[in-house]
Amino acid sequence: MSNMNLKWWPVLEDKNFLTEGRVMTVVADNKQICLTHFEGNICALDNHCPHQGGPLGEGSIEKGLLRCPWHGWDYHPCSGKAPGFDDGVEPYPIKIEDQQVFVGLPHSTPHIATIADVMVETLVKAEVTTVFGMVGHSNLGLADAMRRQEEQGKLKYIGIRHEGAAAFAASAYGKLTGRPAACFAIAGPGSTNMFTGLWDAKVDRAPLLALTGQIETQVIGTGTFQEVDLLQAFQSVANFNHRVHKDSNHSELIIQAIRHAFLNREPVHLTFPDEVQVSPAPDKEIPDPRLRLTQQTITPPPEQLQLATQMISEAKRPVMIVGHGARFHTESVLALAERLNCPVVTTFKGKGVISDHHVLAGGVLGRSGTPIASYFMNESDLLLVIGASFSKHTGITPKKPTIQIDFDPLALSKFHEIDCPVWGEISITAAKILEQLGPDLPCVDHRSEISERWDIWRTEKSRRLMEDRDQGISSSVIFQALTDTAPHNAVICVDVGNNAYSLGRYFESREQSFLMSGYLGSIGFALPAALGAWAAVGDERPVVVVCGDGGLCQYLAELTTIVKYKMPIKVVVLNNNELGKISKEQRSGAFPVWGTDLVNPDFAELANSIGATGFKVNHKSDLHGVLNKLFQLDGPGLVEIESDVSLI
């Protein structure tokens, strides 16, 4: 080939760096080149051995031949020919100017759209624009398609340190927004690492897309390196679960995945064999997926609506119990509650749906709850349960007349018979009931009674603030300080453990939103969830992590992700050097405490060492001041609080 048709790429500043008999790998135009120095000549070869793709630049010259480091195949160091065989590797021309080495390559041809390009572009058109993942050998084609979209400003890619964090982040994004994000991993262990986060999304009804690389189709079934049957592995967690083929209808396949994730509020999975990702795509126009997503404005059946209205019209002491499923319908739910002047209590997952400072708020019901909520449930003559799942942790009694409203017909009467199950979209159903209620209702105005119950509970909390065993700071003190200092509009990501129970009980919410691993209850959720929350809200709302030392350490490396992407996330870690909730359960079950003690790093110093700002609090008198400093930081920060494992 004429040198006039070549583009010369600088690959080595000083030719003397590569000594006689040595080889090295260099890069020209994103292409790896094996540079050799043999018999006084510097030469360039294609870096990939044609047998298994071994990197020749990591090989060595032995007895006048360049030996592949993977399986010992030999090539001439300058011609690239394999002695005694008709194969070899391609050589490239070299020129040296002022000691600098250049490699000549043909001018780049325009990129040809691949199957991965088509599917990622379809994803972006559907407004699925956030991906959490890790790039590796079996997803490189898909990663390159994402890179092209990111360079155009259409995709936000966040590289995490563990694929489990990617799945939790995507789950949290779905819980907060109601829209899917994607998590992304290689074949084998990278994909199986995401499994727990996918189950978290499944049981908490969060939309999510899992995109996995896969080994080449031709070696599937042979037990090759990192082979896992991902379709079988993901079948239990993803009802929409498919392998992408070269002749698939690629845009349609990704559209169907998004439809299932969005409309069914569940995780879906697509796996991409290695060779499929980089195969040229058929030249087809990519449709607009948004036209395929119907609205879910379900109007309740008239009979159910009439019965619900009648039951409410006869109740004197109705109580509204609101769950996580009502988080996008606060305005309609509160309008109905204010018409009835009835207490509104929430499940723990529903914390924040109503501010604890609203005149009708009754706090959290259940194990993580307040005596206010349980009091009003016990004194009620009708329960109006909206978007709640009747978890045993919440403890909604089956002994009271109950109306249940939910968008999912299978959630209605799931655990026991409900007097009036109402299938409908929550905002529409609440509005319809409000329209049909008469002007005169027998229900009492609960506002003064709610205020009295809060006074009783706050007096009790004040007593607990005085408790001090000189073994760390009590949870009542910690969460009172957080109530006083946390930004009123923050997204608060809560972990599993005593820290979560205490937050539900003591923290008085305002306009905060709360994210947690609800039904799955997976420890370690909070820190990766904060990545998902930040991706969703950006600089519009502060993001706060509340966790214990056990939960934080599960995904501790994601602190470096927070620093890398300059996420201004604030972490509050309660450190008692123990899996305190497990110790409590062992005592409750009459078991000796065993296996729950922990050895932790200095979390504050760790935060400082990676570029965040770390604080440590050992005395309750310092708590408010340090928390105020934390929340005033522009960038990421962490406060480590020495906490008393028993005062929860």
# chains A, B, ... in the order shown; residues from 1 in each chain; ligands from 1
>>> residues_around(residues="Pro343 in chain A", least_positions_apart="2", cutoff="6 Å", atoms="only C-alpha atoms", output="PyMOL selection string")
chain A and resi 319+360-362
>>> residues_around(residues="range 155-166 of chain A", least_positions_apart="5", cutoff="8 Å", atoms="only C-alpha atoms", output="PyMOL selection string")
chain A and resi 124+129-135+146+149-150+183-185+190-191+193-197+525+528-529+555+557-558+561+565
>>> residues_around(residues="Val120 in chain A", least_positions_apart="2", cutoff="10 Å", atoms="only C-alpha atoms", output="PyMOL selection string")
chain A and resi 114-118+122-126+128-129+142-149+155+250-251+254
>>> write_last_selection(atoms="N, CA and C atoms", output="PDB file, in the first residue's frame")
ATOM      1  N   THR A 114     -23.713  -1.096  14.500  1.00  0.00           N
ATOM      2  CA  THR A 114     -23.801  -2.476  14.955  1.00  0.00           C
ATOM      3  C   THR A 114     -25.164  -2.740  15.600  1.00  0.00           C
ATOM      4  N   ILE A 115     -25.396  -4.010  15.896  1.00  0.00           N
ATOM      5  CA  ILE A 115     -26.620  -4.372  16.617  1.00  0.00           C
ATOM      6  C   ILE A 115     -26.658  -3.667  17.973  1.00  0.00           C
ATOM      7  N   ALA A 116     -25.504  -3.593  18.649  1.00  0.00           N
ATOM      8  CA  ALA A 116     -25.460  -2.896  19.929  1.00  0.00           C
ATOM      9  C   ALA A 116     -25.802  -1.417  19.757  1.00  0.00           C
ATOM     10  N   ASP A 117     -25.319  -0.797  18.669  1.00  0.00           N
ATOM     11  CA  ASP A 117     -25.652   0.610  18.406  1.00  0.00           C
ATOM     12  C   ASP A 117     -27.159   0.811  18.300  1.00  0.00           C
ATOM     13  N   VAL A 118     -27.799  -0.056  17.530  1.00  0.00           N
ATOM     14  CA  VAL A 118     -29.238   0.074  17.309  1.00  0.00           C
ATOM     15  C   VAL A 118     -29.999  -0.067  18.623  1.00  0.00           C
ATOM     16  N   THR A 122     -32.084   2.841  20.591  1.00  0.00           N
ATOM     17  CA  THR A 122     -33.502   2.643  20.901  1.00  0.00           C
ATOM     18  C   THR A 122     -33.761   2.894  22.379  1.00  0.00           C
ATOM     19  N   LEU A 123     -32.838   2.421  23.213  1.00  0.00           N
ATOM     20  CA  LEU A 123     -32.945   2.637  24.660  1.00  0.00           C
ATOM     21  C   LEU A 123     -32.993   4.125  24.978  1.00  0.00           C
ATOM     22  N   VAL A 124     -32.111   4.876  24.357  1.00  0.00           N
ATOM     23  CA  VAL A 124     -32.044   6.313  24.596  1.00  0.00           C
ATOM     24  C   VAL A 124     -33.310   7.008  24.097  1.00  0.00           C
ATOM     25  N   LYS A 125     -33.826   6.582  22.942  1.00  0.00           N
ATOM     26  CA  LYS A 125     -35.059   7.171  22.425  1.00  0.00           C
ATOM     27  C   LYS A 125     -36.232   6.924  23.362  1.00  0.00           C
ATOM     28  N   ALA A 126     -36.164   5.843  24.121  1.00  0.00           N
ATOM     29  CA  ALA A 126     -37.216   5.538  25.098  1.00  0.00           C
ATOM     30  C   ALA A 126     -36.998   6.281  26.412  1.00  0.00           C
ATOM     31  N   VAL A 128     -34.538   5.983  28.430  1.00  0.00           N
ATOM     32  CA  VAL A 128     -33.764   5.228  29.409  1.00  0.00           C
ATOM     33  C   VAL A 128     -32.319   5.662  29.193  1.00  0.00           C
ATOM     34  N   THR A 129     -31.890   6.632  29.970  1.00  0.00           N
ATOM     35  CA  THR A 129     -30.645   7.332  29.671  1.00  0.00           C
ATOM     36  C   THR A 129     -29.607   7.225  30.781  1.00  0.00           C
ATOM     37  N   LEU A 142     -21.098  -3.703  23.368  1.00  0.00           N
ATOM     38  CA  LEU A 142     -22.226  -2.975  23.950  1.00  0.00           C
ATOM     39  C   LEU A 142     -21.724  -1.713  24.661  1.00  0.00           C
ATOM     40  N   ALA A 143     -20.599  -1.831  25.357  1.00  0.00           N
ATOM     41  CA  ALA A 143     -20.020  -0.659  26.021  1.00  0.00           C
ATOM     42  C   ALA A 143     -19.644   0.411  25.005  1.00  0.00           C
ATOM     43  N   ASP A 144     -19.107   0.009  23.851  1.00  0.00           N
ATOM     44  CA  ASP A 144     -18.712   0.987  22.842  1.00  0.00           C
ATOM     45  C   ASP A 144     -19.928   1.717  22.279  1.00  0.00           C
ATOM     46  N   ALA A 145     -21.045   1.018  22.153  1.00  0.00           N
ATOM     47  CA  ALA A 145     -22.284   1.675  21.702  1.00  0.00           C
ATOM     48  C   ALA A 145     -22.747   2.694  22.741  1.00  0.00           C
ATOM     49  N   MET A 146     -22.610   2.353  24.029  1.00  0.00           N
ATOM     50  CA  MET A 146     -22.950   3.316  25.075  1.00  0.00           C
ATOM     51  C   MET A 146     -22.020   4.522  25.032  1.00  0.00           C
ATOM     52  N   ARG A 147     -20.732   4.273  24.793  1.00  0.00           N
ATOM     53  CA  ARG A 147     -19.772   5.385  24.708  1.00  0.00           C
ATOM     54  C   ARG A 147     -20.188   6.383  23.626  1.00  0.00           C
ATOM     55  N   ARG A 148     -20.621   5.888  22.483  1.00  0.00           N
ATOM     56  CA  ARG A 148     -21.016   6.797  21.406  1.00  0.00           C
ATOM     57  C   ARG A 148     -22.203   7.665  21.824  1.00  0.00           C
ATOM     58  N   GLN A 149     -23.153   7.070  22.518  1.00  0.00           N
ATOM     59  CA  GLN A 149     -24.311   7.849  22.973  1.00  0.00           C
ATOM     60  C   GLN A 149     -23.909   8.841  24.059  1.00  0.00           C
ATOM     61  N   LEU A 155     -26.585   9.977  26.980  1.00  0.00           N
ATOM     62  CA  LEU A 155     -26.568   8.878  27.946  1.00  0.00           C
ATOM     63  C   LEU A 155     -25.651   9.243  29.101  1.00  0.00           C
ATOM     64  N   HIS A 250     -34.218  -6.102  16.451  1.00  0.00           N
ATOM     65  CA  HIS A 250     -33.467  -5.557  17.572  1.00  0.00           C
ATOM     66  C   HIS A 250     -34.171  -4.395  18.261  1.00  0.00           C
ATOM     67  N   SER A 251     -34.667  -3.435  17.497  1.00  0.00           N
ATOM     68  CA  SER A 251     -35.390  -2.325  18.123  1.00  0.00           C
ATOM     69  C   SER A 251     -36.642  -2.818  18.832  1.00  0.00           C
ATOM     70  N   ILE A 254     -35.833  -4.456  22.273  1.00  0.00           N
ATOM     71  CA  ILE A 254     -35.552  -3.530  23.369  1.00  0.00           C
ATOM     72  C   ILE A 254     -36.805  -2.761  23.762  1.00  0.00           C
TER      73      ILE A 254
END
>>> residues_around(residues="range 478-482 of chain A", least_positions_apart="2", cutoff="7 Å", atoms="only C-alpha atoms", output="ChimeraX atom specification")
/A:473-476,484-486,503,506-507,623-624
>>> closest_residue(among="A:Gly153, A:Gly350, A:Pro318, A:Gly497", to="Leu441 in chain A", atoms="only C-alpha atoms")
A:Pro318
>>> residues_around(residues="Leu263 in chain A", least_positions_apart="4", cutoff="10 Å", atoms="only C-alpha atoms", output="PyMOL selection string")
chain A and resi 178-179+207+258-259+293-296
>>> write_last_selection(atoms="N, CA, C and O atoms", output="compact mmCIF listing (two decimals), in the first residue's frame")
# COMPACT_ATOMS: atom_id res chain seq x y z
N GLY A 178 -40.00 6.01 39.20
CA GLY A 178 -41.01 5.25 38.48
C GLY A 178 -40.59 4.93 37.06
O GLY A 178 -41.35 4.32 36.30
N ARG A 179 -39.36 5.30 36.67
CA ARG A 179 -38.84 5.04 35.33
C ARG A 179 -37.63 4.12 35.44
O ARG A 179 -36.89 4.15 36.42
N PRO A 207 -39.13 -0.61 38.17
CA PRO A 207 -38.72 -0.93 36.81
C PRO A 207 -37.21 -0.88 36.67
O PRO A 207 -36.55 0.01 37.23
N ILE A 258 -38.50 -2.64 27.53
CA ILE A 258 -38.86 -1.41 28.24
C ILE A 258 -40.33 -1.42 28.62
O ILE A 258 -40.71 -0.99 29.72
N ARG A 259 -41.19 -1.89 27.72
CA ARG A 259 -42.63 -1.96 28.02
C ARG A 259 -42.89 -2.83 29.24
O ARG A 259 -43.66 -2.46 30.13
N LEU A 293 -45.85 3.21 24.97
CA LEU A 293 -46.05 3.14 26.42
C LEU A 293 -47.38 3.79 26.78
O LEU A 293 -47.51 5.01 26.75
N THR A 294 -48.36 2.98 27.09
CA THR A 294 -49.68 3.50 27.40
C THR A 294 -49.74 4.07 28.81
O THR A 294 -48.95 3.70 29.69
N GLN A 295 -50.66 4.98 29.03
CA GLN A 295 -50.91 5.50 30.37
C GLN A 295 -51.62 4.44 31.21
O GLN A 295 -52.36 3.60 30.68
N GLN A 296 -51.40 4.48 32.52
CA GLN A 296 -51.99 3.48 33.41
C GLN A 296 -53.08 4.10 34.29
O GLN A 296 -53.19 3.82 35.47
>>> select_by_dssp(residues="range 168-377 of chain A", states="strand (DSSP E)", output="ChimeraX atom specification")
/A:181-185,208-214,241-243,267-273,318-322,344-346,361-364
>>> write_last_selection(atoms="N, CA, C and O atoms", output="short mmCIF file (atom, residue, chain, number, x, y, z; two decimals), in the first residue's frame")
data_model
loop_
_atom_site.label_atom_id
_atom_site.label_comp_id
_atom_site.auth_asym_id
_atom_site.auth_seq_id
_atom_site.Cartn_x
_atom_site.Cartn_y
_atom_site.Cartn_z
N ALA A 181 -33.89 2.58 34.90
CA ALA A 181 -32.50 2.75 34.52
C ALA A 181 -31.98 1.36 34.16
O ALA A 181 -32.70 0.36 34.29
N ALA A 182 -30.74 1.29 33.69
CA ALA A 182 -30.17 0.00 33.32
C ALA A 182 -28.95 -0.30 34.17
O ALA A 182 -28.22 0.61 34.59
N CYS A 183 -28.74 -1.59 34.45
CA CYS A 183 -27.48 -2.06 35.02
C CYS A 183 -26.82 -2.98 34.01
O CYS A 183 -27.50 -3.61 33.20
N PHE A 184 -25.51 -3.09 34.05
CA PHE A 184 -24.74 -3.58 32.92
C PHE A 184 -23.54 -4.36 33.43
O PHE A 184 -22.82 -3.88 34.31
N ALA A 185 -23.32 -5.58 32.91
CA ALA A 185 -22.24 -6.41 33.43
C ALA A 185 -21.73 -7.36 32.35
O ALA A 185 -22.34 -7.52 31.29
N LEU A 208 -36.65 -1.82 35.92
CA LEU A 208 -35.19 -1.92 35.79
C LEU A 208 -34.85 -2.76 34.58
O LEU A 208 -35.53 -3.75 34.29
N LEU A 209 -33.78 -2.39 33.85
CA LEU A 209 -33.27 -3.21 32.75
C LEU A 209 -31.90 -3.74 33.12
O LEU A 209 -31.01 -2.96 33.49
N ALA A 210 -31.72 -5.05 33.03
CA ALA A 210 -30.41 -5.67 33.21
C ALA A 210 -29.89 -6.06 31.83
O ALA A 210 -30.55 -6.81 31.10
N LEU A 211 -28.72 -5.54 31.48
CA LEU A 211 -28.09 -5.81 30.19
C LEU A 211 -26.78 -6.53 30.47
O LEU A 211 -25.90 -5.99 31.13
N THR A 212 -26.64 -7.76 29.96
CA THR A 212 -25.46 -8.55 30.27
C THR A 212 -24.75 -8.99 29.00
O THR A 212 -25.38 -9.33 28.00
N GLY A 213 -23.42 -8.96 29.07
CA GLY A 213 -22.63 -9.59 28.03
C GLY A 213 -22.69 -11.10 28.18
O GLY A 213 -23.07 -11.62 29.23
N GLN A 214 -22.32 -11.79 27.11
CA GLN A 214 -22.31 -13.26 27.15
C GLN A 214 -21.17 -13.76 26.27
O GLN A 214 -20.74 -13.06 25.34
N ASN A 241 -37.05 -12.13 29.58
CA ASN A 241 -35.70 -12.63 29.77
C ASN A 241 -35.26 -13.30 28.47
O ASN A 241 -35.66 -14.43 28.18
N HIS A 242 -34.46 -12.60 27.65
CA HIS A 242 -34.18 -13.10 26.31
C HIS A 242 -32.72 -12.88 25.91
O HIS A 242 -32.06 -11.96 26.38
N ARG A 243 -32.27 -13.74 24.99
CA ARG A 243 -30.97 -13.59 24.36
C ARG A 243 -31.14 -12.86 23.04
O ARG A 243 -32.08 -13.13 22.28
N PRO A 267 -38.09 -5.91 36.97
CA PRO A 267 -36.82 -6.02 36.23
C PRO A 267 -36.99 -6.89 34.99
O PRO A 267 -37.76 -7.86 35.00
N VAL A 268 -36.27 -6.53 33.93
CA VAL A 268 -36.21 -7.35 32.72
C VAL A 268 -34.74 -7.58 32.39
O VAL A 268 -33.86 -6.87 32.86
N HIS A 269 -34.49 -8.58 31.53
CA HIS A 269 -33.10 -8.96 31.25
C HIS A 269 -32.92 -9.28 29.78
O HIS A 269 -33.72 -10.01 29.18
N LEU A 270 -31.87 -8.71 29.19
CA LEU A 270 -31.42 -9.07 27.85
C LEU A 270 -29.94 -9.41 27.93
O LEU A 270 -29.16 -8.67 28.55
N THR A 271 -29.55 -10.51 27.29
CA THR A 271 -28.14 -10.88 27.25
C THR A 271 -27.65 -10.86 25.81
O THR A 271 -28.37 -11.26 24.89
N PHE A 272 -26.42 -10.39 25.62
CA PHE A 272 -25.85 -10.12 24.30
C PHE A 272 -24.61 -10.98 24.09
O PHE A 272 -23.54 -10.67 24.64
N PRO A 273 -24.68 -12.05 23.31
CA PRO A 273 -23.46 -12.79 22.99
C PRO A 273 -22.41 -11.88 22.36
O PRO A 273 -22.73 -10.91 21.66
N PRO A 318 -62.32 6.74 60.74
CA PRO A 318 -61.49 6.11 59.71
C PRO A 318 -60.02 6.50 59.88
O PRO A 318 -59.70 7.58 60.37
N VAL A 319 -59.14 5.60 59.47
CA VAL A 319 -57.70 5.85 59.45
C VAL A 319 -57.17 5.45 58.09
O VAL A 319 -57.51 4.40 57.57
N MET A 320 -56.34 6.30 57.53
CA MET A 320 -55.74 6.02 56.23
C MET A 320 -54.32 5.47 56.45
O MET A 320 -53.52 6.07 57.17
N ILE A 321 -54.04 4.33 55.84
CA ILE A 321 -52.70 3.72 55.90
C ILE A 321 -52.12 3.75 54.49
O ILE A 321 -52.67 3.14 53.57
N VAL A 322 -51.03 4.47 54.32
CA VAL A 322 -50.49 4.74 52.99
C VAL A 322 -49.13 4.07 52.84
O VAL A 322 -48.26 4.19 53.71
N VAL A 344 -53.40 10.01 58.96
CA VAL A 344 -52.71 9.33 57.86
C VAL A 344 -51.43 8.74 58.42
O VAL A 344 -50.52 9.48 58.82
N VAL A 345 -51.38 7.43 58.49
CA VAL A 345 -50.16 6.76 58.91
C VAL A 345 -49.57 6.05 57.70
O VAL A 345 -50.26 5.78 56.73
N THR A 346 -48.28 5.77 57.76
CA THR A 346 -47.63 5.15 56.61
C THR A 346 -46.96 3.85 57.02
O THR A 346 -46.67 3.61 58.20
N ALA A 361 -50.78 13.83 60.07
CA ALA A 361 -49.77 12.78 60.04
C ALA A 361 -49.74 12.02 61.36
O ALA A 361 -49.78 12.61 62.44
N GLY A 362 -49.64 10.69 61.24
CA GLY A 362 -49.57 9.85 62.43
C GLY A 362 -48.32 9.01 62.51
O GLY A 362 -48.24 8.09 63.32
N GLY A 363 -47.33 9.31 61.66
CA GLY A 363 -46.07 8.57 61.72
C GLY A 363 -46.14 7.21 61.07
O GLY A 363 -47.08 6.87 60.34
N VAL A 364 -45.13 6.40 61.34
CA VAL A 364 -44.96 5.08 60.73
C VAL A 364 -45.64 4.02 61.58
O VAL A 364 -45.56 4.05 62.81
#
>>> residues_around(residues="range 427-438 of chain A", least_positions_apart="5", cutoff="10 Å", atoms="only C-alpha atoms", output="PyMOL selection string")
chain A and resi 297-302+305-306+308-310+312-313+326+328-337+339-340+386+405-407+422
